[in-house]
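Chemist: This is run21.cif (mmCIF, C-alpha atoms).
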```
data_coords
#
loop_
_atom_site.group_PDB
_atom_site.id
_atom_site.type_symbol
_atom_site.label_atom_id
_atom_site.label_comp_id
_atom_site.auth_asym_id
_atom_site.auth_seq_id
_atom_site.Cartn_x
_atom_site.Cartn_y
_atom_site.Cartn_z
ATOM 1 C CA MET Q 1 0.000 0.000 0.000
ATOM 2 C CA ILE Q 2 0.951 3.633 -0.541
ATOM 3 C CA ARG Q 3 1.755 5.388 2.728
ATOM 4 C CA HIS Q 4 -1.154 7.318 4.236
ATOM 5 C CA TYR Q 5 -0.709 10.931 5.396
ATOM 6 C CA ASP Q 6 -3.043 12.611 7.841
ATOM 7 C CA ALA Q 7 -3.826 16.341 7.941
ATOM 8 C CA TYR Q 8 -0.980 17.051 10.385
ATOM 9 C CA ASP Q 9 1.515 15.233 8.143
ATOM 10 C CA ILE Q 10 0.354 17.202 5.111
ATOM 11 C CA ARG Q 11 0.626 20.576 6.867
ATOM 12 C CA LYS Q 12 4.147 19.787 8.044
ATOM 13 C CA LEU Q 13 5.236 18.529 4.623
ATOM 14 C CA ALA Q 14 3.663 21.533 2.872
ATOM 15 C CA VAL Q 15 5.659 23.911 5.067
ATOM 16 C CA GLY Q 16 8.877 22.028 4.319
ATOM 17 C CA TYR Q 17 8.124 22.018 0.600
ATOM 18 C CA GLY Q 18 7.488 25.760 0.629
ATOM 19 C CA VAL Q 19 10.662 26.566 2.584
ATOM 20 C CA HIS Q 20 13.138 24.133 1.052
ATOM 21 C CA GLY Q 21 11.691 23.356 -2.385
ATOM 22 C CA ALA Q 22 11.727 19.625 -1.623
ATOM 23 C CA VAL Q 23 10.570 17.182 1.048
ATOM 24 C CA HIS Q 24 11.524 13.599 1.871
ATOM 25 C CA LEU Q 25 8.733 10.997 2.005
ATOM 26 C CA PRO Q 26 10.204 7.871 3.642
ATOM 27 C CA GLY Q 27 8.442 4.609 2.824
ATOM 28 C CA PHE Q 28 6.100 6.225 0.289
ATOM 29 C CA LEU Q 29 5.805 3.055 -1.805
ATOM 30 C CA GLY Q 30 4.576 -0.170 -0.300
ATOM 31 C CA GLN Q 31 6.489 -3.377 -0.969
ATOM 32 C CA GLU Q 32 4.061 -4.504 -3.681
ATOM 33 C CA GLU Q 33 4.224 -1.205 -5.580
ATOM 34 C CA LEU Q 34 7.996 -1.056 -5.216
ATOM 35 C CA ALA Q 35 8.428 -4.586 -6.565
ATOM 36 C CA ARG Q 36 6.204 -3.844 -9.557
ATOM 37 C CA LEU Q 37 8.162 -0.717 -10.510
ATOM 38 C CA GLN Q 38 11.468 -2.547 -10.058
ATOM 39 C CA HIS Q 39 10.182 -5.297 -12.340
ATOM 40 C CA VAL Q 40 9.139 -2.739 -14.984
ATOM 41 C CA VAL Q 41 12.641 -1.251 -15.027
ATOM 42 C CA ASP Q 42 14.430 -4.618 -14.963
ATOM 43 C CA THR Q 43 12.427 -5.965 -17.898
ATOM 44 C CA THR Q 44 12.775 -2.777 -19.958
ATOM 45 C CA ILE Q 45 16.337 -1.687 -19.339
ATOM 46 C CA ASN Q 46 17.882 -3.826 -22.106
ATOM 47 C CA LEU Q 47 15.073 -3.516 -24.628
ATOM 48 C CA PRO Q 48 15.550 -1.224 -27.622
ATOM 49 C CA PRO Q 49 12.651 1.124 -28.461
ATOM 50 C CA THR Q 50 10.323 -0.193 -31.164
ATOM 51 C CA PRO Q 51 8.375 1.803 -33.771
ATOM 52 C CA GLY Q 52 5.101 3.169 -32.450
ATOM 53 C CA GLN Q 53 6.211 3.293 -28.830
ATOM 54 C CA ALA Q 54 6.372 6.493 -26.818
ATOM 55 C CA PHE Q 55 9.203 4.950 -24.800
ATOM 56 C CA SER Q 56 12.684 6.274 -25.495
ATOM 57 C CA SER Q 57 16.106 5.807 -23.914
ATOM 58 C CA GLN Q 58 19.387 7.674 -23.936
ATOM 59 C CA SER Q 59 22.804 6.468 -22.788
ATOM 60 C CA SER Q 60 25.823 8.421 -21.599
ATOM 61 C CA GLU Q 61 28.955 7.460 -19.668
ATOM 62 C CA GLY Q 62 27.749 5.729 -16.544
ATOM 63 C CA ARG Q 63 24.095 6.701 -16.928
ATOM 64 C CA LEU Q 64 20.989 5.470 -18.738
ATOM 65 C CA THR Q 65 17.817 7.536 -19.039
ATOM 66 C CA MET Q 66 14.446 6.030 -19.985
ATOM 67 C CA ARG Q 67 11.317 8.078 -20.694
ATOM 68 C CA TYR Q 68 7.594 7.450 -21.159
ATOM 69 C CA LEU Q 69 7.371 3.882 -19.918
ATOM 70 C CA TRP Q 70 3.792 4.529 -18.807
ATOM 71 C CA ARG Q 71 2.303 4.542 -22.295
ATOM 72 C CA ASP Q 72 3.315 0.936 -22.966
ATOM 73 C CA ASN Q 73 3.272 -0.619 -19.509
ATOM 74 C CA VAL Q 74 0.061 -1.355 -17.655
ATOM 75 C CA ASP Q 75 1.882 -2.357 -14.451
ATOM 76 C CA LEU Q 76 3.444 1.068 -14.171
ATOM 77 C CA ARG Q 77 0.086 2.751 -14.778
ATOM 78 C CA ASN Q 78 -1.584 0.573 -12.161
ATOM 79 C CA VAL Q 79 0.966 1.707 -9.583
ATOM 80 C CA LEU Q 80 1.128 5.407 -10.422
ATOM 81 C CA PHE Q 81 -2.467 6.155 -11.413
ATOM 82 C CA GLN Q 82 -3.813 5.724 -7.910
ATOM 83 C CA ARG Q 83 -5.587 8.370 -5.896
ATOM 84 C CA ALA Q 84 -3.400 7.292 -2.953
ATOM 85 C CA VAL Q 85 -0.308 8.349 -4.951
ATOM 86 C CA ALA Q 86 -1.623 11.621 -6.342
ATOM 87 C CA GLN Q 87 -3.589 12.998 -3.377
ATOM 88 C CA PRO Q 88 -0.657 13.601 -0.998
ATOM 89 C CA ILE Q 89 1.271 15.264 -3.824
ATOM 90 C CA ALA Q 90 -1.669 17.545 -4.592
ATOM 91 C CA ASP Q 91 -2.270 18.317 -0.925
ATOM 92 C CA ILE Q 92 1.377 19.166 -0.241
ATOM 93 C CA VAL Q 93 1.683 21.558 -3.195
ATOM 94 C CA GLY Q 94 -1.821 22.976 -2.781
ATOM 95 C CA SER Q 95 -3.621 21.800 -5.910
ATOM 96 C CA ARG Q 96 -7.228 20.587 -6.126
ATOM 97 C CA THR Q 97 -6.492 18.417 -9.159
ATOM 98 C CA LEU Q 98 -3.486 16.524 -10.438
ATOM 99 C CA ARG Q 99 -2.742 15.111 -13.869
ATOM 100 C CA PHE Q 100 0.054 12.723 -14.721
ATOM 101 C CA TRP Q 101 2.466 13.888 -17.402
ATOM 102 C CA PHE Q 102 5.292 11.366 -17.797
ATOM 103 C CA ASP Q 103 7.893 9.167 -16.120
ATOM 104 C CA LEU Q 104 11.652 9.499 -16.375
ATOM 105 C CA THR Q 105 13.936 6.744 -15.054
ATOM 106 C CA PHE Q 106 17.620 7.347 -14.274
ATOM 107 C CA VAL Q 107 20.027 4.425 -13.915
ATOM 108 C CA HIS Q 108 23.471 5.405 -12.585
ATOM 109 C CA PHE Q 109 26.179 2.750 -12.866
ATOM 110 C CA GLY Q 110 29.945 2.604 -13.086
ATOM 111 C CA ALA Q 111 31.850 3.931 -16.081
ATOM 112 C CA PRO Q 112 34.618 1.867 -17.746
ATOM 113 C CA HIS Q 113 37.809 1.089 -15.801
ATOM 114 C CA GLY Q 114 36.138 1.614 -12.420
ATOM 115 C CA ASN Q 115 35.550 5.333 -12.980
ATOM 116 C CA ARG Q 116 32.499 7.234 -11.850
ATOM 117 C CA GLY Q 117 29.778 7.965 -14.362
ATOM 118 C CA ILE Q 118 29.026 11.536 -15.361
ATOM 119 C CA GLY Q 119 26.141 11.881 -12.902
ATOM 120 C CA THR Q 120 23.509 14.576 -13.355
ATOM 121 C CA PRO Q 121 24.728 18.201 -13.427
ATOM 122 C CA TRP Q 122 23.077 20.987 -11.421
ATOM 123 C CA HIS Q 123 19.886 22.139 -13.115
ATOM 124 C CA HIS Q 124 16.230 22.830 -12.606
ATOM 125 C CA ASP Q 125 13.536 21.256 -14.740
ATOM 126 C CA VAL Q 126 11.395 24.140 -15.974
ATOM 127 C CA PRO Q 127 13.556 25.184 -18.980
ATOM 128 C CA THR Q 128 12.689 21.908 -20.721
ATOM 129 C CA PHE Q 129 9.000 21.937 -19.772
ATOM 130 C CA SER Q 130 6.307 22.884 -22.254
ATOM 131 C CA PHE Q 131 4.149 24.287 -19.457
ATOM 132 C CA ARG Q 132 4.236 27.111 -16.950
ATOM 133 C CA GLY Q 133 2.858 27.189 -13.450
ATOM 134 C CA ASP Q 134 3.957 26.633 -9.854
ATOM 135 C CA LEU Q 135 1.970 23.424 -9.439
ATOM 136 C CA MET Q 136 4.233 21.146 -11.501
ATOM 137 C CA PRO Q 137 5.865 18.920 -8.860
ATOM 138 C CA SER Q 138 8.119 15.988 -9.594
ATOM 139 C CA LEU Q 139 7.958 12.874 -7.431
ATOM 140 C CA TRP Q 140 11.365 11.164 -7.341
ATOM 141 C CA LEU Q 141 11.068 7.493 -6.358
ATOM 142 C CA ALA Q 142 14.069 5.496 -5.111
ATOM 143 C CA LEU Q 143 13.978 1.959 -6.526
ATOM 144 C CA THR Q 144 17.413 1.091 -5.088
ATOM 145 C CA PRO Q 145 19.372 2.579 -2.171
ATOM 146 C CA ALA Q 146 20.698 6.109 -2.731
ATOM 147 C CA ASP Q 147 23.245 7.690 -0.410
ATOM 148 C CA SER Q 148 26.460 9.712 -0.616
ATOM 149 C CA THR Q 149 28.199 6.802 -2.373
ATOM 150 C CA LEU Q 150 25.265 5.942 -4.672
ATOM 151 C CA SER Q 151 24.337 9.008 -6.737
ATOM 152 C CA GLN Q 152 22.264 10.557 -3.966
ATOM 153 C CA LEU Q 153 19.840 13.269 -5.108
ATOM 154 C CA MET Q 154 21.282 16.640 -4.042
ATOM 155 C CA ILE Q 155 19.179 19.791 -3.731
ATOM 156 C CA ILE Q 156 20.147 23.439 -3.396
ATOM 157 C CA ASP Q 157 18.149 24.378 -0.326
ATOM 158 C CA GLY Q 158 15.515 27.038 -1.015
ATOM 159 C CA SER Q 159 16.654 27.574 -4.614
ATOM 160 C CA HIS Q 160 13.060 27.596 -5.882
ATOM 161 C CA ARG Q 161 12.580 30.918 -4.056
ATOM 162 C CA THR Q 162 15.758 32.616 -5.287
ATOM 163 C CA ASN Q 163 15.769 31.847 -9.019
ATOM 164 C CA GLN Q 164 16.332 34.918 -11.155
ATOM 165 C CA GLY Q 165 14.515 33.557 -14.173
ATOM 166 C CA TYR Q 166 14.972 30.230 -15.930
ATOM 167 C CA TYR Q 167 18.500 28.885 -15.879
ATOM 168 C CA ARG Q 168 19.782 27.443 -19.114
ATOM 169 C CA SER Q 169 19.500 23.675 -19.141
ATOM 170 C CA PRO Q 170 22.606 21.631 -20.014
ATOM 171 C CA GLU Q 171 20.483 20.306 -22.884
ATOM 172 C CA LEU Q 172 19.871 23.786 -24.339
ATOM 173 C CA PRO Q 173 22.929 25.354 -25.968
ATOM 174 C CA LYS Q 174 23.173 29.106 -26.419
ATOM 175 C CA PRO Q 175 21.975 30.508 -29.753
ATOM 176 C CA PRO Q 176 24.974 30.546 -32.104
ATOM 177 C CA ASP Q 177 24.343 34.190 -33.011
ATOM 178 C CA GLY Q 178 24.368 35.263 -29.367
ATOM 179 C CA SER Q 179 20.768 36.499 -29.439
ATOM 180 C CA PRO Q 180 18.775 36.395 -26.159
ATOM 181 C CA ASP Q 181 16.566 33.325 -25.737
ATOM 182 C CA GLY Q 182 14.983 33.948 -22.338
ATOM 183 C CA PHE Q 183 17.458 31.889 -20.287
ATOM 184 C CA VAL Q 184 20.239 32.985 -17.936
ATOM 185 C CA ASP Q 185 23.509 31.154 -17.329
ATOM 186 C CA LEU Q 186 23.587 28.729 -14.430
ATOM 187 C CA PRO Q 187 25.672 29.983 -11.484
ATOM 188 C CA ASP Q 188 28.679 27.970 -10.323
ATOM 189 C CA PHE Q 189 26.847 26.172 -7.551
ATOM 190 C CA ASP Q 190 29.902 24.143 -6.532
ATOM 191 C CA ALA Q 191 31.723 27.407 -5.812
ATOM 192 C CA LEU Q 192 28.684 28.811 -3.978
ATOM 193 C CA ILE Q 193 28.530 25.663 -1.855
ATOM 194 C CA ALA Q 194 32.254 25.865 -1.101
ATOM 195 C CA ASN Q 195 32.034 29.471 0.122
ATOM 196 C CA GLY Q 196 28.887 28.830 2.147
ATOM 197 C CA THR Q 197 26.547 30.916 -0.022
ATOM 198 C CA ALA Q 198 24.490 27.871 -1.040
ATOM 199 C CA LYS Q 199 23.498 24.895 1.104
ATOM 200 C CA VAL Q 200 23.030 21.335 -0.137
ATOM 201 C CA LEU Q 201 20.056 19.365 1.172
ATOM 202 C CA THR Q 202 20.200 15.561 0.886
ATOM 203 C CA TRP Q 203 18.557 12.459 2.304
ATOM 204 C CA ASP Q 204 19.743 8.875 2.397
ATOM 205 C CA CYS Q 205 16.980 6.958 0.650
ATOM 206 C CA GLN Q 206 15.937 3.338 0.866
ATOM 207 C CA PRO Q 207 13.943 1.613 -1.885
ATOM 208 C CA GLY Q 208 10.384 2.913 -1.708
ATOM 209 C CA ASP Q 209 11.335 6.357 -0.377
ATOM 210 C CA ALA Q 210 10.300 9.424 -2.359
ATOM 211 C CA ILE Q 211 11.351 13.060 -2.657
ATOM 212 C CA LEU Q 212 8.869 15.691 -3.842
ATOM 213 C CA LEU Q 213 10.499 18.537 -5.810
ATOM 214 C CA HIS Q 214 9.309 22.011 -6.810
ATOM 215 C CA PRO Q 215 9.833 22.573 -10.572
ATOM 216 C CA CYS Q 216 12.257 25.467 -9.947
ATOM 217 C CA THR Q 217 14.407 23.653 -7.357
ATOM 218 C CA ILE Q 218 18.041 23.226 -8.416
ATOM 219 C CA HIS Q 219 19.168 19.623 -8.064
ATOM 220 C CA GLY Q 220 21.697 17.103 -9.344
ATOM 221 C CA ALA Q 221 23.508 13.846 -8.525
ATOM 222 C CA ARG Q 222 27.099 12.670 -8.535
ATOM 223 C CA GLY Q 223 28.148 9.775 -10.715
ATOM 224 C CA ASN Q 224 28.259 6.210 -9.445
ATOM 225 C CA ASP Q 225 31.457 4.120 -9.541
ATOM 226 C CA GLY Q 226 29.514 0.845 -9.816
ATOM 227 C CA GLN Q 227 31.276 -0.685 -6.806
ATOM 228 C CA GLY Q 228 29.875 -2.232 -3.630
ATOM 229 C CA ILE Q 229 26.852 -4.438 -3.080
ATOM 230 C CA HIS Q 230 24.609 -2.092 -5.100
ATOM 231 C CA PRO Q 231 26.392 -1.571 -8.428
ATOM 232 C CA ARG Q 232 23.667 0.655 -9.823
ATOM 233 C CA ARG Q 233 21.337 3.331 -8.515
ATOM 234 C CA VAL Q 234 17.866 3.418 -10.028
ATOM 235 C CA ALA Q 235 15.287 6.161 -9.483
ATOM 236 C CA MET Q 236 12.069 6.986 -11.296
ATOM 237 C CA THR Q 237 10.929 10.604 -11.538
ATOM 238 C CA THR Q 238 7.261 11.238 -12.286
ATOM 239 C CA ARG Q 239 5.952 14.602 -13.523
ATOM 240 C CA TRP Q 240 2.592 15.977 -12.379
ATOM 241 C CA LEU Q 241 0.469 18.956 -13.470
ATOM 242 C CA GLY Q 242 -1.849 20.899 -11.162
ATOM 243 C CA ASP Q 243 -4.502 23.608 -11.291
ATOM 244 C CA ASP Q 244 -2.464 26.570 -12.545
ATOM 245 C CA VAL Q 245 -0.548 24.793 -15.325
ATOM 246 C CA ARG Q 246 -0.918 26.092 -18.872
ATOM 247 C CA PHE Q 247 0.693 25.185 -22.192
ATOM 248 C CA LEU Q 248 3.188 28.020 -22.697
ATOM 249 C CA PRO Q 249 6.376 26.552 -24.176
ATOM 250 C CA HIS Q 250 9.619 28.461 -24.519
ATOM 251 C CA SER Q 251 9.918 27.003 -27.997
ATOM 252 C CA TYR Q 252 6.848 25.750 -29.830
ATOM 253 C CA GLU Q 253 9.056 23.835 -32.245
ATOM 254 C CA ARG Q 254 10.807 21.931 -29.435
ATOM 255 C CA ALA Q 255 7.523 21.362 -27.617
ATOM 256 C CA LEU Q 256 6.017 19.587 -30.612
ATOM 257 C CA LYS Q 257 8.858 17.072 -30.537
ATOM 258 C CA GLN Q 258 7.828 15.904 -27.075
ATOM 259 C CA PRO Q 259 5.440 12.977 -26.662
ATOM 260 C CA ALA Q 260 2.051 14.028 -25.296
ATOM 261 C CA VAL Q 261 2.426 17.570 -26.602
ATOM 262 C CA ALA Q 262 2.911 16.345 -30.157
ATOM 263 C CA GLN Q 263 -0.103 14.017 -30.028
ATOM 264 C CA THR Q 264 -2.450 16.359 -28.163
ATOM 265 C CA ARG Q 265 -1.756 19.522 -30.178
ATOM 266 C CA LEU Q 266 -2.522 21.876 -27.316
ATOM 267 C CA MET Q 267 -3.308 25.503 -27.991
ATOM 268 C CA LEU Q 268 -1.181 28.184 -26.360
ATOM 269 C CA GLY Q 269 -2.500 28.954 -22.885
ATOM 270 C CA GLN Q 270 -4.583 25.773 -22.754
ATOM 271 C CA ARG Q 271 -4.766 23.509 -19.733
ATOM 272 C CA PRO Q 272 -3.343 20.027 -20.364
ATOM 273 C CA ASP Q 273 -6.131 17.575 -21.098
ATOM 274 C CA GLY Q 274 -6.852 14.297 -22.834
ATOM 275 C CA ASP Q 275 -5.502 10.757 -22.725
ATOM 276 C CA TRP Q 276 -1.874 11.879 -22.695
ATOM 277 C CA PHE Q 277 -2.480 13.878 -19.499
ATOM 278 C CA PRO Q 278 -4.704 11.548 -17.441
ATOM 279 C CA LEU Q 279 -6.525 13.067 -14.476
ATOM 280 C CA VAL Q 280 -5.488 10.988 -11.459
ATOM 281 C CA TYR Q 281 -6.830 13.148 -8.628
ATOM 282 C CA ASP Q 282 -9.742 15.544 -8.267
ATOM 283 C CA ALA Q 283 -10.626 16.768 -4.769
ATOM 284 C CA GLN Q 284 -14.295 17.030 -5.767
ATOM 285 C CA THR Q 285 -14.465 13.349 -6.695
ATOM 286 C CA PRO Q 286 -14.612 10.892 -3.775
#
```
Take the structure in this file and express it as structure tokens.
Modeler:
Amino acid sequence: MIRHYDAYDIRKLAVGYGVHGAVHLPGFLGQEELARLQHVVDTTINLPPTPGQAFSSQSSEGRLTMRYLWRDNVDLRNVLFQRAVAQPIADIVGSRTLRFWFDLTFVHFGAPHGNRGIGTPWHHDVPTFSFRGDLMPSLWLALTPADSTLSQLMIIDGSHRTNQGYYRSPELPKPPDGSPDGFVDLPDFDALIANGTAKVLTWDCQPGDAILLHPCTIHGARGNDGQGIHPRRVAMTTRWLGDDVRFLPHSYERALKQPAVAQTRLMLGQRPDGDWFPLVYDAQTP
């Protein structure tokens, strides 16, 4: 079963989310749900994408990223599309409704010759989103242990409240002609951490733990060396869309290359709707 949260729990978690931009949810997944998600990843990790699937994967040194498993996997949908999953997320962020957008699985493992993988650089998620709004939380689910030696998720404490605009994503190069594109360069967070200007917030996570992230929270993870009793670190991030979210992409051309957006053909300013954005929670529906 998914962990139950009472009104006191929700108030406390909502305060933490508002102050820090992230909260830890120990034991969020029950053993059955955890096992089903682990099985989905284990049976998919070595499969190449096939024509007609939404699923895609991308490899880099020491890291594998898989996207949109939910469209082709009923087990994953049965776990994630539960009111018990969506309601605490909605209650913590303050949304009356919550739609599922997509899943994103990160597998960190050792690079060749015993080296660490590249990890995940500091970033926040909103530059690559096709939507705008505050109620776009991400639920990060640990499917294996994650600690300081196993690509632990690291968060810049309170960074969702101090962003001066959208920081350029590592995936978005600067325009070659130098023209402005609405993004600002990412600060050197490692230097800010070293001089005490920025504070890192982390939690050791066991399988089944979750971390709820604000869309503007800066986060990242160090690479894994693939050693020890857990040679890989696996986590599944799920994206959710609440009441205030509207389709307002930074680049309409890039947005149309994304699954869900491409199939739904949303109008600018429209709320996400339809089969590609399933409504999982509505406070008005028992």
Chemist: Taking the file as shown, what set of residues would the PyMOL selection byres ((chain Q and resi 125) around 10) give back, as a PyMOL selection string?
Modeler: chain Q and resi 123-124+126-129+136-138+166-169+213-219
Chemist: Is it possible to get the axis-aligned box enclosing stretch 63-74 of chain Q (all listed atoms, 5 Å extra per side) as JSON, with centre and edge lengths in Å rounded to one decimal?
Modeler:
```
{"center_x": 12.1, "center_y": 3.4, "center_z": -19.9, "size_x": 34.0, "size_y": 19.4, "size_z": 16.0}
```
Chemist: Taking the file above as input, evaluate the PyMOL selection byres ((chain Q and resi 60-75) around 9) and report the hits as a short mmCIF file (atom, residue, chain, number, x, y, z; two decimals) with C-alpha atoms, in the coordinates of the input.
Modeler:
```cif
data_model
loop_
_atom_site.label_atom_id
_atom_site.label_comp_id
_atom_site.auth_asym_id
_atom_site.auth_seq_id
_atom_site.Cartn_x
_atom_site.Cartn_y
_atom_site.Cartn_z
CA ARG Q 36 6.20 -3.84 -9.56
CA LEU Q 37 8.16 -0.72 -10.51
CA VAL Q 40 9.14 -2.74 -14.98
CA VAL Q 41 12.64 -1.25 -15.03
CA THR Q 44 12.78 -2.78 -19.96
CA ILE Q 45 16.34 -1.69 -19.34
CA GLN Q 53 6.21 3.29 -28.83
CA ALA Q 54 6.37 6.49 -26.82
CA PHE Q 55 9.20 4.95 -24.80
CA SER Q 56 12.68 6.27 -25.50
CA SER Q 57 16.11 5.81 -23.91
CA GLN Q 58 19.39 7.67 -23.94
CA SER Q 59 22.80 6.47 -22.79
CA LEU Q 76 3.44 1.07 -14.17
CA ARG Q 77 0.09 2.75 -14.78
CA ASN Q 78 -1.58 0.57 -12.16
CA VAL Q 79 0.97 1.71 -9.58
CA LEU Q 80 1.13 5.41 -10.42
CA PHE Q 102 5.29 11.37 -17.80
CA ASP Q 103 7.89 9.17 -16.12
CA LEU Q 104 11.65 9.50 -16.38
CA THR Q 105 13.94 6.74 -15.05
CA PHE Q 106 17.62 7.35 -14.27
CA VAL Q 107 20.03 4.42 -13.92
CA HIS Q 108 23.47 5.40 -12.58
CA PHE Q 109 26.18 2.75 -12.87
CA GLY Q 110 29.94 2.60 -13.09
CA ALA Q 111 31.85 3.93 -16.08
CA PRO Q 112 34.62 1.87 -17.75
CA ASN Q 115 35.55 5.33 -12.98
CA ARG Q 116 32.50 7.23 -11.85
CA GLY Q 117 29.78 7.96 -14.36
CA ILE Q 118 29.03 11.54 -15.36
CA GLY Q 119 26.14 11.88 -12.90
CA THR Q 120 23.51 14.58 -13.36
CA GLY Q 223 28.15 9.78 -10.72
CA ASN Q 224 28.26 6.21 -9.44
CA ASP Q 225 31.46 4.12 -9.54
CA GLY Q 226 29.51 0.84 -9.82
CA PRO Q 259 5.44 12.98 -26.66
CA TRP Q 276 -1.87 11.88 -22.70
#
```
Chemist: Check what the PyMOL selection byres ((chain Q and resi 233) around 7) selects in the file above and give those residues as a VMD selection string.
Modeler: chain Q and resid 107 to 109 144 to 146 150 to 151 232 234 to 235
Chemist: Using all atoms listed in the file - which residues lie no farther than 9 Å from the point (1.5, 19.0, -11.6) in the file's frame? Write them as a VMD selection string.
Modeler: chain Q and resid 89 to 90 93 95 97 to 101 133 to 138 239 to 245
Chemist: Can you tell me how far atom CA of Q:Asp190 sits from atom CA of Q:Gly114, in Å to one decimal?
Modeler: 24.1 Å
Chemist: Mind checking which residues fall within 10 Å of Q:Arg265, counting all atoms listed in the file, ignoring those fewer than 5 positions away in the same chain, and posting them as a VMD selection string?
Modeler: chain Q and resid 255 to 256 260 272
Chemist: Just give me the gap between atom CA of Q:Val23 and atom CA of Q:Ile211 in Å, one decimal is fine.
Modeler: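 Between atom CA of Q:Val23 and atom CA of Q:Ile211 the gap is 5.6 Å.
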Chemist: To one decimal place in Å, what is the distance between atom CA of Q:Ile2 and atom CA of Q:Gly30?
Modeler: 5.3 Å
Chemist: Give me the stretch 57-165 of chain Q side of the contact with stretch 191-195 of chain Q, cut-off 12 Å, one line per residue showing its nearest atom pair and distance in Å at one decimal, counting all atoms listed in the file, sorted by chain and residue number, as a Markdown table.
Modeler:
```
| residue | atom | partner | partner_atom | distance |
| --- | --- | --- | --- | --- |
| Q:Trp122 | CA | Q:Ile193 | CA | 12.0 |
| Q:Met154 | CA | Q:Ile193 | CA | 11.8 |
| Q:Ile155 | CA | Q:Ile193 | CA | 11.2 |
| Q:Ile156 | CA | Q:Ile193 | CA | 8.8 |
| Q:Asp157 | CA | Q:Ile193 | CA | 10.6 |
```
Chemist: Please produce an output containing C-alpha atoms for each residue in the selection, written as a PDB file, keeping the file's coordinate frame.
Modeler:
```
ATOM      1  CA  TRP Q 122      23.077  20.987 -11.421  1.00  0.00           C
ATOM      2  CA  MET Q 154      21.282  16.640  -4.042  1.00  0.00           C
ATOM      3  CA  ILE Q 155      19.179  19.791  -3.731  1.00  0.00           C
ATOM      4  CA  ILE Q 156      20.147  23.439  -3.396  1.00  0.00           C
ATOM      5  CA  ASP Q 157      18.149  24.378  -0.326  1.00  0.00           C
TER       6      ASP Q 157
END
```
Chemist: Excluding same-chain residues fewer than 3 positions from Q:Cys205, what lies within 8 Å of it counting all atoms listed in the file, as a list in words?
Modeler: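 Non-adjacent residues within range: Pro26, Ala142, Pro145, Ala146, Asp147, Gln152, Asp209 and Ala210 of chain Q.
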Chemist: Kindly indicate which residue among Q:Val200, Q:Leu141, Q:Leu268, Q:Pro170 lies nearest to Q:Pro121, using all atoms listed in the file for the distances.
Modeler: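 Residue with the minimum atom-to-atom distance to Q:Pro121: Q:Pro170.
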Chemist: So, counting all atoms listed in the file, which residue among Q:His113, Q:Arg3, Q:His250, Q:Arg271 is closest to Q:Arg83?
Modeler: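 Of Q:His113, Q:Arg3, Q:His250, Q:Arg271, the one nearest Q:Arg83 is Q:Arg3, counting all atoms listed in the file.
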Chemist: In terms of the shortest atom-to-atom distance over all atoms listed in the file, which of Q:Pro173, Q:Pro286, Q:Gly158, Q:Gly274 is closest to Q:Tyr17?
Modeler: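 When distances to Q:Tyr17 are compared using all atoms listed in the file, the smallest one comes from Q:Gly158.
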Chemist: I need the residue nearest Q:Leu29 from this list: Q:Pro207, Q:Leu201, Q:Glu171, Q:Asp42. Use only C-alpha atoms for the distance.
Modeler: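 So, comparing all the options, the nearest one is Q:Pro207.
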